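Q: Got a structure for you, query.cif, holding mmCIF, C-alpha atoms.
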data_entry
loop_
_atom_site.label_atom_id
_atom_site.label_comp_id
_atom_site.auth_asym_id
_atom_site.auth_seq_id
_atom_site.Cartn_x
_atom_site.Cartn_y
_atom_site.Cartn_z
CA MET L 1344 14.38 61.31 53.32
CA ASN L 1345 16.29 64.27 54.71
CA ARG L 1346 19.93 64.36 53.58
CA SER L 1347 21.14 66.12 56.71
CA ASP L 1348 19.65 63.32 58.81
CA LEU L 1349 21.47 60.73 56.73
CA VAL L 1350 24.75 62.63 57.08
CA LEU L 1351 24.30 62.78 60.85
CA VAL L 1352 23.47 59.09 61.14
CA ALA L 1353 26.25 58.02 58.79
CA THR L 1354 29.03 60.12 60.32
CA LEU L 1355 28.24 59.22 63.93
CA THR L 1356 27.96 55.55 63.02
CA LEU L 1357 31.25 55.59 61.13
CA ALA L 1358 33.00 57.39 63.97
CA SER L 1359 31.76 54.80 66.45
CA ALA L 1360 32.66 51.94 64.12
CA VAL L 1361 36.19 53.23 63.60
CA LEU L 1362 36.70 53.51 67.35
CA LEU L 1363 35.55 49.92 67.79
CA GLU L 1364 37.34 48.53 64.74
CA ALA L 1365 40.81 48.59 66.25
CA GLY L 1366 41.64 45.21 64.78
CA VAL L 1367 41.02 41.74 66.14
CA VAL L 1368 40.06 41.96 69.80
CA SER L 1369 38.47 38.55 70.48
CA SER L 1370 38.35 34.94 69.38
CA ASN L 1371 35.19 35.52 67.32
CA ASP L 1372 36.76 38.41 65.45
CA GLY L 1373 39.80 36.23 65.01
CA ALA L 1374 37.81 33.35 63.53
CA ASN L 1375 36.43 35.69 60.87
CA TYR L 1376 39.74 37.42 60.23
CA ALA L 1377 41.66 34.14 60.04
CA LEU L 1378 39.36 33.07 57.19
CA VAL L 1379 39.90 36.41 55.46
CA ARG L 1380 43.65 35.82 55.60
CA ALA L 1381 43.30 32.23 54.42
CA LEU L 1382 41.08 33.17 51.47
CA GLY L 1383 43.60 35.87 50.63
CA ASP L 1384 46.14 33.04 50.28
CA GLY L 1385 43.74 31.03 48.12
CA THR L 1386 42.84 28.37 50.70
CA THR L 1387 40.02 27.58 53.12
CA ARG L 1388 42.43 26.27 55.76
CA ILE L 1389 43.42 28.67 58.52
CA ASP L 1390 46.45 26.63 59.63
CA ALA L 1391 48.78 29.62 59.31
CA TYR L 1392 46.34 31.95 61.09
CA VAL L 1393 44.68 29.79 63.75
CA GLU L 1394 46.35 31.84 66.49
CA TYR L 1395 43.89 34.64 65.69
CA THR L 1396 41.14 32.46 67.14
CA ARG L 1397 42.92 32.50 70.53
CA MET L 1398 42.78 28.70 70.13
CA LEU L 1399 39.18 28.89 71.31
CA ASP L 1400 36.99 29.48 68.26
CA TYR L 1401 38.14 27.05 65.58
CA SER L 1402 37.27 23.82 63.80
CA GLU L 1403 39.52 20.89 62.99
CA ARG L 1404 39.20 18.34 60.18
CA ASP L 1405 41.74 15.81 58.92
CA GLY L 1406 44.56 17.48 60.81
CA HIS L 1407 43.85 20.98 59.47
CA TYR L 1408 42.22 24.02 61.06
CA TYR L 1409 39.18 25.87 59.73
CA SER L 1410 36.99 28.76 60.80
CA PRO L 1411 33.59 27.73 62.19
CA ARG L 1412 32.09 31.03 61.03
CA ALA L 1413 29.79 31.39 58.06
CA PRO L 1414 32.05 32.44 55.15
CA GLY L 1415 29.91 35.31 53.86
CA THR L 1416 31.58 37.80 56.20
CA ALA L 1417 35.03 36.84 54.93
CA PHE L 1418 33.85 37.01 51.30
CA LEU L 1419 32.65 40.58 51.82
CA LEU L 1420 35.66 41.76 53.82
CA LEU L 1421 38.23 40.23 51.49
CA PRO L 1422 38.21 43.18 49.02
CA PHE L 1423 38.94 45.58 51.91
CA PHE L 1424 41.80 43.35 53.01
CA TRP L 1425 43.22 43.28 49.48
CA ALA L 1426 42.90 47.06 49.24
CA GLY L 1427 44.76 47.45 52.53
CA ARG L 1428 47.54 45.18 51.31
CA LEU L 1429 48.22 47.61 48.48
CA PHE L 1430 49.43 50.13 51.07
CA SER L 1431 50.99 48.04 53.81
CA SER L 1432 51.82 44.48 54.80
CA GLU L 1433 51.74 45.27 58.53
CA ASP L 1434 49.25 42.97 60.20
CA ALA L 1435 47.80 45.62 62.52
CA PHE L 1436 47.07 47.81 59.50
CA LEU L 1437 45.48 44.91 57.59
CA GLU L 1438 43.23 44.05 60.53
CA VAL L 1439 41.86 47.58 60.61
CA ALA L 1440 41.54 47.66 56.81
CA ALA L 1441 39.44 44.50 56.85
CA GLY L 1442 37.39 45.83 59.76
CA LEU L 1443 36.53 48.96 57.80
CA GLY L 1444 34.45 46.75 55.54
CA SER L 1445 32.11 45.93 58.38
CA ALA L 1446 32.17 49.60 59.41
CA ALA L 1447 30.85 50.43 55.95
CA PHE L 1448 28.03 47.93 56.48
CA ALA L 1449 27.28 49.57 59.83
CA VAL L 1450 26.80 52.89 58.04
CA ALA L 1451 24.62 51.24 55.41
CA LEU L 1452 22.55 49.55 58.14
CA ALA L 1453 22.01 52.83 59.98
CA CYS L 1454 20.90 54.61 56.82
CA LEU L 1455 18.67 51.71 55.83
CA LEU L 1456 16.98 51.74 59.23
CA TYR L 1457 16.44 55.50 58.96
CA GLY L 1458 14.94 55.02 55.50
CA SER L 1459 12.66 52.22 56.64
CA GLY L 1460 11.42 54.34 59.53
CA ARG L 1461 10.56 57.22 57.23
CA ARG L 1462 8.90 54.84 54.77
CA LEU L 1463 6.69 53.53 57.56
CA GLY L 1464 5.64 57.06 58.46
CA PHE L 1465 7.77 57.74 61.52
CA SER L 1466 9.04 61.26 62.16
CA ARG L 1467 12.57 62.36 61.36
CA LYS L 1468 13.47 62.46 65.05
CA ALA L 1469 12.14 58.95 65.70
CA SER L 1470 13.96 57.55 62.68
CA VAL L 1471 17.26 59.19 63.63
CA LEU L 1472 16.93 58.05 67.25
CA SER L 1473 16.20 54.47 66.18
CA SER L 1474 19.21 54.38 63.86
CA LEU L 1475 21.60 55.80 66.45
CA ALA L 1476 20.24 53.56 69.20
CA LEU L 1477 21.05 50.58 67.01
CA THR L 1478 24.48 51.59 65.78
CA LEU L 1479 25.79 53.45 68.84
CA GLY L 1480 24.17 51.24 71.45
CA THR L 1481 24.01 47.62 70.40
CA PRO L 1482 27.54 47.19 68.93
CA LEU L 1483 29.02 48.20 72.31
CA ARG L 1484 28.35 44.73 73.70
CA SER L 1485 31.04 42.56 75.16
CA TYR L 1486 29.82 39.91 72.71
CA ALA L 1487 32.45 39.46 70.05
CA SER L 1488 31.98 39.99 66.31
CA GLY L 1489 29.61 42.91 66.87
CA LEU L 1490 30.86 44.82 63.86
CA TRP L 1491 32.80 42.06 62.17
CA ALA L 1492 29.85 39.85 61.40
CA HIS L 1493 26.60 40.60 63.17
CA VAL L 1494 26.15 44.03 61.65
CA ILE L 1495 26.59 42.59 58.14
CA ALA L 1496 23.93 39.95 58.77
CA ALA L 1497 21.69 42.62 60.30
CA PHE L 1498 21.99 44.78 57.19
CA PHE L 1499 20.81 41.97 54.93
CA ALA L 1500 18.11 40.95 57.43
CA LEU L 1501 16.64 44.46 57.55
CA ALA L 1502 16.79 44.71 53.76
CA LEU L 1503 14.94 41.38 53.60
CA VAL L 1504 12.17 42.70 55.85
CA MET L 1505 11.86 45.89 53.80
CA VAL L 1506 11.45 43.93 50.56
CA ALA L 1507 8.98 41.60 52.30
CA HIS L 1508 6.98 44.61 53.47
CA ARG L 1509 6.82 45.89 49.92
CA ALA L 1510 5.72 42.46 48.69
CA LEU L 1511 2.84 42.44 51.16
CA THR L 1512 1.68 46.04 50.83
CA GLU L 1513 2.06 46.61 47.10
CA ARG L 1514 1.22 44.71 43.94
CA PRO L 1515 4.58 44.09 42.25
CA THR L 1516 4.28 43.34 38.54
CA SER L 1517 7.77 41.91 38.11
CA LEU L 1518 9.68 39.03 39.66
CA TRP L 1519 12.35 41.30 41.15
CA PRO L 1520 10.86 41.48 44.68
CA ALA L 1521 10.73 37.68 44.82
CA ILE L 1522 14.27 37.42 43.46
CA GLY L 1523 15.38 39.98 46.02
CA LEU L 1524 13.81 37.99 48.86
CA GLY L 1525 15.64 34.85 47.80
CA ALA L 1526 18.98 36.59 47.31
CA LEU L 1527 18.81 38.54 50.58
CA SER L 1528 17.84 35.42 52.52
CA ALA L 1529 20.90 33.66 51.14
CA CYS L 1530 23.04 36.63 52.14
CA VAL L 1531 21.70 36.50 55.70
CA VAL L 1532 22.42 32.78 56.03
CA SER L 1533 25.83 33.11 54.37
CA THR L 1534 26.90 35.61 57.04
CA ASP L 1535 25.12 34.03 60.02
CA TYR L 1536 23.96 30.42 59.92
CA SER L 1537 21.35 30.99 62.62
CA GLY L 1538 19.66 33.46 60.27
CA VAL L 1539 18.03 30.54 58.49
CA LEU L 1540 15.27 30.53 61.12
CA TYR L 1541 14.72 34.27 60.77
CA CYS L 1542 14.55 34.02 56.98
CA LEU L 1543 12.15 31.09 57.05
CA VAL L 1544 9.72 33.07 59.21
CA VAL L 1545 9.79 36.01 56.79
CA LEU L 1546 9.49 33.88 53.65
CA VAL L 1547 6.69 31.72 55.03
CA ILE L 1548 4.71 34.85 55.92
CA VAL L 1549 5.21 36.24 52.41
CA GLY L 1550 4.25 32.95 50.76
CA ILE L 1551 1.08 32.51 52.82
CA GLU L 1552 -0.02 36.13 52.43
CA ARG L 1553 0.58 36.19 48.67
CA ALA L 1554 -1.43 32.96 48.36
CA ARG L 1555 -4.22 34.54 50.39
CA LEU L 1556 -4.17 37.75 48.34
CA THR L 1557 -4.08 35.93 44.98
CA THR L 1558 -4.10 32.14 44.50
CA VAL L 1559 -1.89 29.30 45.64
CA ARG L 1560 -0.78 28.68 42.05
CA GLU L 1561 0.19 32.31 41.46
CA ALA L 1562 2.03 32.47 44.77
CA LEU L 1563 3.95 29.35 43.83
CA VAL L 1564 4.88 30.52 40.33
CA ARG L 1565 5.49 34.22 40.94
CA TRP L 1566 6.92 34.07 44.46
CA ILE L 1567 7.99 30.76 45.94
CA LEU L 1568 9.82 29.32 42.93
CA PRO L 1569 11.73 32.57 42.15
CA ILE L 1570 12.63 32.91 45.85
CA VAL L 1571 14.05 29.38 45.95
CA ALA L 1572 15.91 29.78 42.65
CA ALA L 1573 17.46 33.14 43.60
CA GLY L 1574 18.36 31.81 47.03
CA LEU L 1575 20.18 28.78 45.65
CA VAL L 1576 22.10 30.84 43.11
CA THR L 1577 23.18 33.38 45.73
CA MET L 1578 24.15 30.59 48.15
CA THR L 1579 26.43 28.95 45.57
CA PRO L 1580 29.72 30.51 46.84
CA THR L 1581 28.91 29.41 50.39
CA LEU L 1582 27.93 25.89 49.32
CA VAL L 1583 31.13 25.60 47.26
CA TYR L 1584 33.13 26.73 50.28
CA HIS L 1585 31.44 24.07 52.42
CA GLN L 1586 32.24 21.41 49.84
CA VAL L 1587 35.90 22.38 49.64
CA ALA L 1588 36.42 22.87 53.37
CA PHE L 1589 34.13 20.25 54.91
CA GLY L 1590 33.44 17.70 52.19
CA SER L 1591 29.76 18.50 51.68
CA PRO L 1592 27.75 21.57 50.64
CA PHE L 1593 25.55 21.05 53.68
CA ARG L 1594 28.21 20.62 56.35
CA THR L 1595 29.59 23.63 58.19
CA GLY L 1596 32.49 24.39 60.46
CA TYR L 1597 30.20 23.88 63.43
CA ASP L 1598 30.19 20.15 62.64
CA PHE L 1599 33.93 20.12 63.38
CA VAL L 1600 34.26 22.57 66.27
CA ALA L 1601 37.19 21.62 68.49
CA GLY L 1602 38.73 22.85 71.70
CA GLU L 1603 36.87 24.70 74.43
CA TYR L 1604 33.89 25.63 72.25
CA GLU L 1605 33.10 22.04 71.32
CA ILE L 1606 30.37 22.30 73.94
CA VAL L 1607 28.25 24.37 71.50
CA HIS L 1608 27.16 21.05 69.99
CA HIS L 1609 24.87 20.72 73.01
CA LEU L 1610 21.99 23.07 73.79
CA SER L 1611 22.84 23.08 77.50
CA GLY L 1612 26.32 24.34 76.70
CA MET L 1613 25.53 27.16 74.31
CA TYR L 1614 25.63 29.75 77.09
CA GLY L 1615 28.49 28.39 79.15
CA GLY L 1616 27.05 25.29 80.78
CA ASN L 1617 23.45 26.07 81.65
CA PHE L 1618 21.03 27.40 79.09
CA PHE L 1619 18.74 29.27 81.48
CA VAL L 1620 21.57 30.80 83.51
CA GLY L 1621 23.20 31.90 80.28
CA LEU L 1622 19.96 33.35 78.93
CA ALA L 1623 19.48 35.36 82.12
CA GLY L 1624 23.03 36.64 81.75
CA LEU L 1625 22.37 37.59 78.15
CA MET L 1626 19.55 39.81 79.32
CA PHE L 1627 20.68 41.16 82.69
CA HIS L 1628 24.40 40.53 83.34
CA PRO L 1629 26.10 43.79 84.46
CA ASN L 1630 28.88 43.34 81.91
CA ALA L 1631 26.72 42.74 78.87
CA GLY L 1632 23.02 42.48 79.66
CA LEU L 1633 20.97 43.64 76.73
CA PHE L 1634 18.30 45.20 78.95
CA LEU L 1635 21.02 47.23 80.67
CA TYR L 1636 23.05 48.37 77.68
CA SER L 1637 20.64 48.45 74.76
CA PRO L 1638 17.45 50.53 74.73
CA VAL L 1639 15.88 48.42 72.00
CA LEU L 1640 14.45 45.63 74.15
CA ALA L 1641 13.20 47.95 76.87
CA ILE L 1642 11.49 50.21 74.32
CA GLY L 1643 9.99 47.11 72.73
CA LEU L 1644 8.44 46.07 76.02
CA VAL L 1645 6.97 49.52 76.64
CA HIS L 1646 5.35 49.56 73.21
CA GLY L 1647 4.81 45.81 72.92
CA ARG L 1648 1.04 45.90 72.93
CA ALA L 1649 0.80 48.43 70.10
CA TYR L 1650 3.47 46.53 68.17
#
Transcribe the structure of this file into structure tokens.
A:
Amino acid sequence: MNRSDLVLVATLTLASAVLLEAGVVSSNDGANYALVRALGDGTTRIDAYVEYTRMLDYSERDGHYYSPRAPGTAFLLLPFFWAGRLFSSEDAFLEVAAGLGSAAFAVALACLLYGSGRRLGFSRKASVLSSLALTLGTPLRSYASGLWAHVIAAFFALALVMVAHRALTERPTSLWPAIGLGALSACVVSTDYSGVLYCLVVLVIVGIERARLTTVREALVRWILPIVAAGLVTMTPTLVYHQVAFGSPFRTGYDFVAGEYEIVHHLSGMYGGNFFVGLAGLMFHPNAGLFLYSPVLAIGLVHGRAY
């Protein structure tokens, strides 16, 4: 990898992230930040900070308020919040301090994408362009939590795919790739619950391919069991959080969503009342359509057949 390329990608990404990370700007950001503040106080309840959610993006259980967001984001941003508190108790300052944690993940994601491109044989220009298209283009959505949560989950998701690629193209002699797959999958799910589907696809592919390349027994012993064990261990903080906040390791804040967003319990309401209208808006709406504002999907269509 070329160091000057990494410096370019990292500095432009950080500059963009800092411009966007001007504190809490939406209810989704607020749901994450409210949990950061609550954990900083030693509790899972966001009663004192529910106003950050704009009274839109929150859960309610037994008369107390909780964040519906996966707690992994708050776990990772908490050290940045604590560091900020050493210098100031002003809330605006603390919001930016916590947001810088996700900015750091944005930089790491950009560099990881550049590295994966080079590893796959792409040119320096193509790798730089891909990284900057991701970090300068896609976070500029009107969708909330772009840099507060989604970029963190994306970092772990890309790392998961890179380790999976190594598992399928090389012949690892240790258990570390399998352990890495399990741990990274848990990190993805701990920062974005919907990532469980993504991780299952990756892990099933790895399990089937390793069984095809070796034997079912070897795939089970050397891959599947270590993946499951590492995943459960890494998920422990999240499962403990669920138990404390929602009474069960396998219940989440989405089981207790209240207020305007209670409609997310129903598929037809996930995009504002009509699934298909919402999906069309996700792709083509002039304020936030991915095909209009992000080059990734359009490029994917152009090169879809080769992909």
Q: For Val1439 (chain L), which residue among L:Leu1640, L:Val1547, L:Ala1453, L:Val1368 is the nearest when counting all atoms listed in the file?
A: L:Val1368
Q: When distances are computed from only C-alpha atoms, which of L:Pro1592, L:Gly1632, L:Gly1383, L:Pro1422 shows the smallest separation from Thr1579 (chain L)?
A: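 When distances to Thr1579 (chain L) are compared using only C-alpha atoms, the smallest one comes from L:Pro1592.
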Q: Care to translate the PyMOL selection byres ((chain L and resi 1390) around 10) into actual residues of this file, as an MDAnalysis selection string?
A: chainID L and resid 1377:1378 1381 1386:1389 1391:1394 1403 1406:1410
Q: Let me know the residues the PyMOL selection byres ((chain L and resi 1582) around 12) catches in the file above, as an NGL selection string.
A: :L and (1413-1415 or 1529 or 1532-1533 or 1574-1581 or 1583-1595)
Q: Report as a ChimeraX atom specification the residues that result from applying the PyMOL selection byres ((chain L and resi 1423-1426) around 6) to the structure here.
A: /L:1420-1422,1427-1429,1440-1441,1444
Q: Quick one: pull the distance between CA of Val1471 (chain L) and CA of Tyr1457 (chain L), Å, one decimal.
A: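 Pair CA of Val1471 (chain L) / CA of Tyr1457 (chain L) returns 6.0 Å.
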Q: Please measure the separation of CA of Gly1643 (chain L) and CA of Ala1469 (chain L), giving the value in Å to one decimal.
A: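 Going from CA of Gly1643 (chain L) over to CA of Ala1469 (chain L) covers 13.9 Å.
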Q: I need the residue nearest Gly1596 (chain L) from this list: L:Asp1348, L:Ala1521, L:His1493, L:Tyr1536. Use only C-alpha atoms for the distance.
A: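 Once distances to Gly1596 (chain L) are computed over only C-alpha atoms, the minimum belongs to L:Tyr1536.
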Q: CA of Leu1524 (chain L) and CA of Asp1598 (chain L) are how many Å apart?
A: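 CA of Asp1598 (chain L) lies at a distance of 27.9 Å from CA of Leu1524 (chain L).
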Q: Pick out the residues sitting within 12 Å of Gly1550 (chain L), and hand them over as a tab-separated table (two decimals) with C-alpha atoms, in the coordinates of the input; count all atoms listed in the file, and ignore anything fewer than 6 positions along from it in its own chain.
A:
chain	number	residue	atom	x	y	z
L	1507	ALA	CA	8.98	41.60	52.30
L	1510	ALA	CA	5.72	42.46	48.69
L	1511	LEU	CA	2.84	42.44	51.16
L	1521	ALA	CA	10.73	37.68	44.82
L	1524	LEU	CA	13.81	37.99	48.86
L	1525	GLY	CA	15.64	34.85	47.80
L	1543	LEU	CA	12.15	31.09	57.05
L	1544	VAL	CA	9.72	33.07	59.21
L	1556	LEU	CA	-4.17	37.75	48.34
L	1557	THR	CA	-4.08	35.93	44.98
L	1558	THR	CA	-4.10	32.14	44.50
L	1559	VAL	CA	-1.89	29.30	45.64
L	1560	ARG	CA	-0.78	28.68	42.05
L	1561	GLU	CA	0.19	32.31	41.46
L	1562	ALA	CA	2.03	32.47	44.77
L	1563	LEU	CA	3.95	29.35	43.83
L	1564	VAL	CA	4.88	30.52	40.33
L	1565	ARG	CA	5.49	34.22	40.94
L	1566	TRP	CA	6.92	34.07	44.46
L	1567	ILE	CA	7.99	30.76	45.94
L	1568	LEU	CA	9.82	29.32	42.93
L	1569	PRO	CA	11.73	32.57	42.15
L	1570	ILE	CA	12.63	32.91	45.85
L	1571	VAL	CA	14.05	29.38	45.95
Q: Could you list, as a tab-separated table (two decimals) with C-alpha atoms, in the coordinates of the input, every residue within 12 Å of Ser1347 (chain L), counting all atoms listed in the file and ignoring same-chain residues fewer than 3 positions away?
A:
chain	number	residue	atom	x	y	z
L	1344	MET	CA	14.38	61.31	53.32
L	1350	VAL	CA	24.75	62.63	57.08
L	1351	LEU	CA	24.30	62.78	60.85
L	1352	VAL	CA	23.47	59.09	61.14
L	1353	ALA	CA	26.25	58.02	58.79
L	1354	THR	CA	29.03	60.12	60.32
L	1454	CYS	CA	20.90	54.61	56.82
L	1457	TYR	CA	16.44	55.50	58.96
L	1467	ARG	CA	12.57	62.36	61.36
L	1468	LYS	CA	13.47	62.46	65.05
L	1471	VAL	CA	17.26	59.19	63.63
Q: Starting from the sparse input, extend region 1460-1470 of chain L to all heavy atoms and give the output as a PDB file, in the coordinates of the input.
A:
ATOM      1  N   GLY L1460      12.264  53.610  58.601  1.00  0.00           N
ATOM      2  CA  GLY L1460      11.420  54.340  59.530  1.00  0.00           C
ATOM      3  C   GLY L1460      10.608  55.420  58.837  1.00  0.00           C
ATOM      4  O   GLY L1460       9.400  55.568  59.072  1.00  0.00           O
ATOM      5  N   ARG L1461      11.263  56.170  57.973  1.00  0.00           N
ATOM      6  CA  ARG L1461      10.560  57.220  57.230  1.00  0.00           C
ATOM      7  C   ARG L1461       9.505  56.632  56.301  1.00  0.00           C
ATOM      8  O   ARG L1461       8.412  57.183  56.154  1.00  0.00           O
ATOM      9  CB  ARG L1461      11.568  58.054  56.430  1.00  0.00           C
ATOM     10  CG  ARG L1461      12.563  58.804  57.292  1.00  0.00           C
ATOM     11  CD  ARG L1461      11.897  59.875  58.136  1.00  0.00           C
ATOM     12  NE  ARG L1461      11.469  60.992  57.300  1.00  0.00           N
ATOM     13  CZ  ARG L1461      10.421  61.760  57.544  1.00  0.00           C
ATOM     14  NH1 ARG L1461       9.656  61.505  58.600  1.00  0.00           N
ATOM     15  NH2 ARG L1461      10.127  62.767  56.750  1.00  0.00           N
ATOM     16  N   ARG L1462       9.845  55.486  55.675  1.00  0.00           N
ATOM     17  CA  ARG L1462       8.900  54.840  54.770  1.00  0.00           C
ATOM     18  C   ARG L1462       7.646  54.381  55.511  1.00  0.00           C
ATOM     19  O   ARG L1462       6.531  54.407  54.961  1.00  0.00           O
ATOM     20  CB  ARG L1462       9.583  53.645  54.091  1.00  0.00           C
ATOM     21  CG  ARG L1462       8.683  52.863  53.133  1.00  0.00           C
ATOM     22  CD  ARG L1462       9.427  51.675  52.536  1.00  0.00           C
ATOM     23  NE  ARG L1462       8.578  50.862  51.694  1.00  0.00           N
ATOM     24  CZ  ARG L1462       8.310  51.089  50.425  1.00  0.00           C
ATOM     25  NH1 ARG L1462       8.860  52.132  49.822  1.00  0.00           N
ATOM     26  NH2 ARG L1462       7.516  50.300  49.722  1.00  0.00           N
ATOM     27  N   LEU L1463       7.831  53.985  56.765  1.00  0.00           N
ATOM     28  CA  LEU L1463       6.690  53.530  57.560  1.00  0.00           C
ATOM     29  C   LEU L1463       5.917  54.675  58.189  1.00  0.00           C
ATOM     30  O   LEU L1463       4.922  54.449  58.880  1.00  0.00           O
ATOM     31  CB  LEU L1463       7.174  52.574  58.661  1.00  0.00           C
ATOM     32  CG  LEU L1463       7.709  51.221  58.172  1.00  0.00           C
ATOM     33  CD1 LEU L1463       8.331  50.448  59.320  1.00  0.00           C
ATOM     34  CD2 LEU L1463       6.604  50.412  57.515  1.00  0.00           C
ATOM     35  N   GLY L1464       6.382  55.906  57.976  1.00  0.00           N
ATOM     36  CA  GLY L1464       5.640  57.060  58.460  1.00  0.00           C
ATOM     37  C   GLY L1464       6.110  57.642  59.766  1.00  0.00           C
ATOM     38  O   GLY L1464       5.451  58.522  60.333  1.00  0.00           O
ATOM     39  N   PHE L1465       7.243  57.187  60.281  1.00  0.00           N
ATOM     40  CA  PHE L1465       7.770  57.740  61.520  1.00  0.00           C
ATOM     41  C   PHE L1465       8.385  59.118  61.265  1.00  0.00           C
ATOM     42  O   PHE L1465       8.818  59.422  60.152  1.00  0.00           O
ATOM     43  CB  PHE L1465       8.815  56.811  62.139  1.00  0.00           C
ATOM     44  CG  PHE L1465       8.237  55.520  62.633  1.00  0.00           C
ATOM     45  CD1 PHE L1465       8.440  54.338  61.936  1.00  0.00           C
ATOM     46  CD2 PHE L1465       7.465  55.480  63.781  1.00  0.00           C
ATOM     47  CE1 PHE L1465       7.899  53.148  62.381  1.00  0.00           C
ATOM     48  CE2 PHE L1465       6.929  54.294  64.240  1.00  0.00           C
ATOM     49  CZ  PHE L1465       7.142  53.124  63.532  1.00  0.00           C
ATOM     50  N   SER L1466       8.470  59.919  62.298  1.00  0.00           N
ATOM     51  CA  SER L1466       9.040  61.260  62.160  1.00  0.00           C
ATOM     52  C   SER L1466      10.535  61.185  61.947  1.00  0.00           C
ATOM     53  O   SER L1466      11.171  60.143  62.158  1.00  0.00           O
ATOM     54  CB  SER L1466       8.744  62.074  63.428  1.00  0.00           C
ATOM     55  OG  SER L1466       9.470  61.538  64.536  1.00  0.00           O
ATOM     56  N   ARG L1467      11.120  62.309  61.536  1.00  0.00           N
ATOM     57  CA  ARG L1467      12.570  62.360  61.360  1.00  0.00           C
ATOM     58  C   ARG L1467      13.285  62.068  62.672  1.00  0.00           C
ATOM     59  O   ARG L1467      14.252  61.303  62.711  1.00  0.00           O
ATOM     60  CB  ARG L1467      12.974  63.743  60.839  1.00  0.00           C
ATOM     61  CG  ARG L1467      12.586  64.035  59.400  1.00  0.00           C
ATOM     62  CD  ARG L1467      12.903  65.477  59.044  1.00  0.00           C
ATOM     63  NE  ARG L1467      14.299  65.808  59.343  1.00  0.00           N
ATOM     64  CZ  ARG L1467      14.771  67.051  59.384  1.00  0.00           C
ATOM     65  NH1 ARG L1467      13.959  68.073  59.166  1.00  0.00           N
ATOM     66  NH2 ARG L1467      16.050  67.268  59.637  1.00  0.00           N
ATOM     67  N   LYS L1468      12.806  62.662  63.765  1.00  0.00           N
ATOM     68  CA  LYS L1468      13.470  62.460  65.050  1.00  0.00           C
ATOM     69  C   LYS L1468      13.430  60.989  65.476  1.00  0.00           C
ATOM     70  O   LYS L1468      14.424  60.440  65.951  1.00  0.00           O
ATOM     71  CB  LYS L1468      12.812  63.331  66.118  1.00  0.00           C
ATOM     72  CG  LYS L1468      13.064  64.827  65.943  1.00  0.00           C
ATOM     73  CD  LYS L1468      12.406  65.612  67.066  1.00  0.00           C
ATOM     74  CE  LYS L1468      12.669  67.096  66.905  1.00  0.00           C
ATOM     75  NZ  LYS L1468      12.025  67.893  67.990  1.00  0.00           N
ATOM     76  N   ALA L1469      12.267  60.362  65.313  1.00  0.00           N
ATOM     77  CA  ALA L1469      12.140  58.950  65.700  1.00  0.00           C
ATOM     78  C   ALA L1469      13.040  58.071  64.851  1.00  0.00           C
ATOM     79  O   ALA L1469      13.669  57.128  65.359  1.00  0.00           O
ATOM     80  CB  ALA L1469      10.689  58.508  65.574  1.00  0.00           C
ATOM     81  N   SER L1470      13.135  58.362  63.576  1.00  0.00           N
ATOM     82  CA  SER L1470      13.960  57.550  62.680  1.00  0.00           C
ATOM     83  C   SER L1470      15.440  57.713  62.988  1.00  0.00           C
ATOM     84  O   SER L1470      16.203  56.736  62.991  1.00  0.00           O
ATOM     85  CB  SER L1470      13.678  57.935  61.220  1.00  0.00           C
ATOM     86  OG  SER L1470      12.321  57.704  60.888  1.00  0.00           O
TER      87      SER L1470
END
